[in-house]
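To keep things clear, I will list the structure first and then write my remarks on it.
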Amino acid sequence: MVSSKMWRRSFLFLAGAFLAKSSSLVLPATAQTVKVNKGKINGISFYRAIIDLTDPQTFITIGLGNNSPFANSSRRSSGDEEFSKMVARHHAAVVTSGTFFAKSSKKTVMGNMVAGGRFLKYSKWENFGTTLGLRAGNKPEMVTARVDGKPKWKEHWFSITCGPRLLRKGKIWLKPKLEGFKDPHVLGVATRVAIGYPASGKKLILVNFNERLTLEQEAKAMRAMGCYEAMNLDGGTSRGFAAHGNILVPAHRRLTNVIVVYDTNYPAPTALRQSWARFQRGERPVIPKRNI
């Protein structure tokens, strides 16, 4: 029987060997808060961004279609936008597809959203899917509402809800129907995007898989990359990924929302930095009195 310590050492060794085989893309010569590479794991090719959450130049936010101040909901909608235009507007280190949105005319996005320390979408009835939130100090947490209770959205600097959840405390955790997912496109085989973080909580790992795979294959790949917690993001024809202004994976449909990452070489806008400073001093998003 292999001891837990020996297993952990073996895992770290194998993970290090895997990372060494990954090929880095052409990046700026200065130190990078966000490292982007491409590689293959379990026979599956991918693009990946490794985001250093401890670096004070790391800022993560949500970009909305047509530069709208609010996400699409049942009350309002700003439609969708070409991925290339969203990438060009943000001038960021990384831009990738975010959460699901409805096929209806309003293109309502899934779940509540917080970015820049304010609510982009809020409904007190939200209780499905899994939420990735960043608290003060860029501390990540992953909350599955129907298991853990509703997330404390007002404690989040950044918050996006999607799913299904892939990993929970280092173990594969796949209960999509419990989370409220029924769409066969989500439950079946598809090209996928995932986000997760290691047990230390010091990094975010954003992965854009280039091949069709099941949720279980996706979960195993994220665990092999060192994730302790992980969840699925919007993929399929919505799958888009850009690094340093270059589109590596073009989305094949117009999008309503994207995850945007800034770093030292691609600095965040002043307003986002100022909002972050206020959040660190104790200011928190105000929960709207009614759904937005």
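By convention in this document, the chains of the structure tokens carry letters A, B, ... by their order, each chain's residues are numbered from 1, and ligands are numbered from 1 in the order they are shown.
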
In range 14-109 of chain A, DSSP strand (DSSP E) residues written as a PyMOL selection string: chain A and resi 23-24+34-41+44-52+59-64+94-97

Asn246 in chain A environment, 10 Å, only C-alpha atoms, sequence neighbours closer than 2 positions dropped, as a ChimeraX atom specification: /A:84,87-88,93-95,241-244,248-250

Give me, as a tab-separated table, the closest atom pair and its distance (Å, one decimal) for every residue of range 22-96 of chain A within a cut-off of 10 Å of range 177-194 of chain A, counting only C-alpha atoms, rows sorted by chain and rising number.
residue	atom	partner	partner_atom	distance
A:Phe46	CA	A:Val193	CA	9.4
A:Tyr47	CA	A:Val193	CA	9.6
A:Arg48	CA	A:Ala194	CA	9.6
A:Thr96	CA	A:Val193	CA	8.7

Output file for the residues above (N, CA and C atoms, as a PDB file, in the first residue's frame):
ATOM      1  N   PHE A  46      -4.587  21.420 -25.481  1.00  0.00           N
ATOM      2  CA  PHE A  46      -5.220  22.544 -24.798  1.00  0.00           C
ATOM      3  C   PHE A  46      -4.376  23.798 -24.909  1.00  0.00           C
ATOM      4  N   TYR A  47      -5.027  24.934 -24.647  1.00  0.00           N
ATOM      5  CA  TYR A  47      -4.368  26.196 -24.330  1.00  0.00           C
ATOM      6  C   TYR A  47      -4.670  26.463 -22.864  1.00  0.00           C
ATOM      7  N   ARG A  48      -3.682  27.010 -22.148  1.00  0.00           N
ATOM      8  CA  ARG A  48      -3.881  27.212 -20.712  1.00  0.00           C
ATOM      9  C   ARG A  48      -3.264  28.532 -20.263  1.00  0.00           C
ATOM     10  N   THR A  96     -11.320  35.111 -22.305  1.00  0.00           N
ATOM     11  CA  THR A  96     -11.878  33.800 -22.644  1.00  0.00           C
ATOM     12  C   THR A  96     -13.372  33.789 -22.379  1.00  0.00           C
TER      13      THR A  96
END

Helix (DSSP H, G or I) residues, from DSSP on the backbone, in range 88-164 of chain A, as JSON, numbers by chain: {"A": [88, 89, 90, 136, 137, 138, 145, 146, 147, 148, 153, 154, 155]}

Pick from A:Glu81, A:Asp55, A:Glu155, A:Glu211, whichever lies nearest to Asn257 in chain A using only C-alpha atoms: A:Glu81

Separation of CA of Ile50 in chain A from CA of Lys35 in chain A in Å: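 Spanning CA of Lys35 in chain A to CA of Ile50 in chain A is a straight-line distance of 5.2 Å.
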
Which residue of A:Phe59, A:Phe101, A:Tyr266, A:Phe209 approaches Arg239 in chain A most closely, using only C-alpha atoms: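 Closest to Arg239 in chain A of all the choices is A:Phe209.
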
Residue neighbourhood range 113-129 of chain A, 6 Å, only C-alpha atoms, exclusion window fewer than 5 positions, as number ranges by chain: A: 61-62, 70-71, 145, 157-160, 162-163, 179-180, 272, 275, 285, 291-292

Distance criterion (only C-alpha atoms): nearest to Ala221 in chain A out of A:Gly43, A:Thr54, A:Lys103, A:Val34: A:Gly43

Please identify all polymer residues within 10 Å of Lys107 in chain A, counting only C-alpha atoms, omitting same-chain residues fewer than 5 positions from it, and present them as a PDB file with C-alpha atoms, in the first residue's frame.
ATOM      1  CA  ALA A  71     -25.419  41.570 -17.838  1.00  0.00           C
ATOM      2  CA  ASN A  72     -28.404  40.313 -19.783  1.00  0.00           C
ATOM      3  CA  SER A  73     -31.295  39.343 -17.526  1.00  0.00           C
ATOM      4  CA  SER A  74     -35.070  38.950 -17.675  1.00  0.00           C
ATOM      5  CA  ARG A  76     -32.871  44.033 -19.571  1.00  0.00           C
ATOM      6  CA  SER A  77     -30.629  42.912 -22.412  1.00  0.00           C
ATOM      7  CA  SER A  78     -27.798  44.412 -24.451  1.00  0.00           C
ATOM      8  CA  GLY A  79     -27.581  41.454 -26.783  1.00  0.00           C
ATOM      9  CA  ASP A  80     -24.310  39.861 -27.820  1.00  0.00           C
ATOM     10  CA  PHE A 100     -23.726  30.127 -20.332  1.00  0.00           C
ATOM     11  CA  PHE A 101     -26.453  32.323 -21.748  1.00  0.00           C
ATOM     12  CA  ALA A 102     -29.926  31.567 -23.043  1.00  0.00           C
ATOM     13  CA  LEU A 255     -20.925  36.170 -26.951  1.00  0.00           C
ATOM     14  CA  THR A 256     -22.616  37.990 -24.088  1.00  0.00           C
TER      15      THR A 256
END

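Interatomic distance, CA of Ile44 in chain A to CA of Lys202 in chain A: 25.3 Å.
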
Nearest to Tyr197 in chain A by atom-to-atom distance, counting only C-alpha atoms, from A:Gly98, A:Gly133, A:Gly149, A:Gly245: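 Of all the options, A:Gly133 lies closest to Tyr197 in chain A.
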
Within 9 Å of Ile205 in chain A using only C-alpha atoms, minus same-chain residues under 2 positions, as a list of chain:residue names: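 Result of the neighbour search: A:Arg48, A:Ala49, A:Ile50, A:Ile51, A:Ala194, A:Ile195, A:Gly196, A:Tyr197, A:Pro198, A:Lys203, A:Val207, A:Met222, A:Met225, A:Gly226, A:Cys227, A:Ala230.
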
Go ahead and save the residues from that selection, with N, CA and C atoms, as a PDB file, in the first residue's frame.
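Saved result, selection-v2.pdb, follows:
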ATOM      1  N   ARG A  48      -3.682  27.010 -22.148  1.00  0.00           N
ATOM      2  CA  ARG A  48      -3.881  27.212 -20.712  1.00  0.00           C
ATOM      3  C   ARG A  48      -3.264  28.532 -20.263  1.00  0.00           C
ATOM      4  N   ALA A  49      -3.963  29.206 -19.361  1.00  0.00           N
ATOM      5  CA  ALA A  49      -3.437  30.396 -18.695  1.00  0.00           C
ATOM      6  C   ALA A  49      -3.297  30.087 -17.211  1.00  0.00           C
ATOM      7  N   ILE A  50      -2.104  30.322 -16.673  1.00  0.00           N
ATOM      8  CA  ILE A  50      -1.864  30.155 -15.242  1.00  0.00           C
ATOM      9  C   ILE A  50      -1.717  31.552 -14.654  1.00  0.00           C
ATOM     10  N   ILE A  51      -2.630  31.915 -13.771  1.00  0.00           N
ATOM     11  CA  ILE A  51      -2.762  33.289 -13.276  1.00  0.00           C
ATOM     12  C   ILE A  51      -2.294  33.352 -11.823  1.00  0.00           C
ATOM     13  N   ALA A 194     -12.554  25.219 -18.900  1.00  0.00           N
ATOM     14  CA  ALA A 194     -12.656  24.977 -17.464  1.00  0.00           C
ATOM     15  C   ALA A 194     -11.786  25.961 -16.693  1.00  0.00           C
ATOM     16  N   ILE A 195     -12.128  26.140 -15.427  1.00  0.00           N
ATOM     17  CA  ILE A 195     -11.338  26.993 -14.540  1.00  0.00           C
ATOM     18  C   ILE A 195     -11.224  26.325 -13.179  1.00  0.00           C
ATOM     19  N   GLY A 196     -10.064  26.461 -12.557  1.00  0.00           N
ATOM     20  CA  GLY A 196      -9.862  25.845 -11.253  1.00  0.00           C
ATOM     21  C   GLY A 196      -8.666  26.441 -10.553  1.00  0.00           C
ATOM     22  N   TYR A 197      -8.359  25.885  -9.381  1.00  0.00           N
ATOM     23  CA  TYR A 197      -7.200  26.367  -8.628  1.00  0.00           C
ATOM     24  C   TYR A 197      -6.665  25.262  -7.729  1.00  0.00           C
ATOM     25  N   PRO A 198      -5.366  25.324  -7.379  1.00  0.00           N
ATOM     26  CA  PRO A 198      -4.767  24.317  -6.507  1.00  0.00           C
ATOM     27  C   PRO A 198      -5.169  24.542  -5.053  1.00  0.00           C
ATOM     28  N   LYS A 203      -3.151  30.390  -7.283  1.00  0.00           N
ATOM     29  CA  LYS A 203      -3.208  30.524  -8.741  1.00  0.00           C
ATOM     30  C   LYS A 203      -4.603  30.152  -9.239  1.00  0.00           C
ATOM     31  N   VAL A 207      -8.326  26.739 -18.645  1.00  0.00           N
ATOM     32  CA  VAL A 207      -7.952  25.799 -19.702  1.00  0.00           C
ATOM     33  C   VAL A 207      -9.002  25.776 -20.805  1.00  0.00           C
ATOM     34  N   MET A 222      -8.208  18.342 -15.425  1.00  0.00           N
ATOM     35  CA  MET A 222      -7.985  19.452 -14.500  1.00  0.00           C
ATOM     36  C   MET A 222      -7.287  18.968 -13.229  1.00  0.00           C
ATOM     37  N   MET A 225      -3.652  18.513 -13.847  1.00  0.00           N
ATOM     38  CA  MET A 225      -2.928  19.781 -13.928  1.00  0.00           C
ATOM     39  C   MET A 225      -2.685  20.404 -12.554  1.00  0.00           C
ATOM     40  N   GLY A 226      -3.136  19.734 -11.509  1.00  0.00           N
ATOM     41  CA  GLY A 226      -2.869  20.225 -10.165  1.00  0.00           C
ATOM     42  C   GLY A 226      -4.011  20.952  -9.500  1.00  0.00           C
ATOM     43  N   CYS A 227      -5.200  20.926 -10.099  1.00  0.00           N
ATOM     44  CA  CYS A 227      -6.338  21.617  -9.494  1.00  0.00           C
ATOM     45  C   CYS A 227      -6.908  20.831  -8.318  1.00  0.00           C
ATOM     46  N   ALA A 230     -12.401  22.761  -9.283  1.00  0.00           N
ATOM     47  CA  ALA A 230     -12.530  23.127 -10.700  1.00  0.00           C
ATOM     48  C   ALA A 230     -13.982  23.048 -11.135  1.00  0.00           C
TER      49      ALA A 230
END
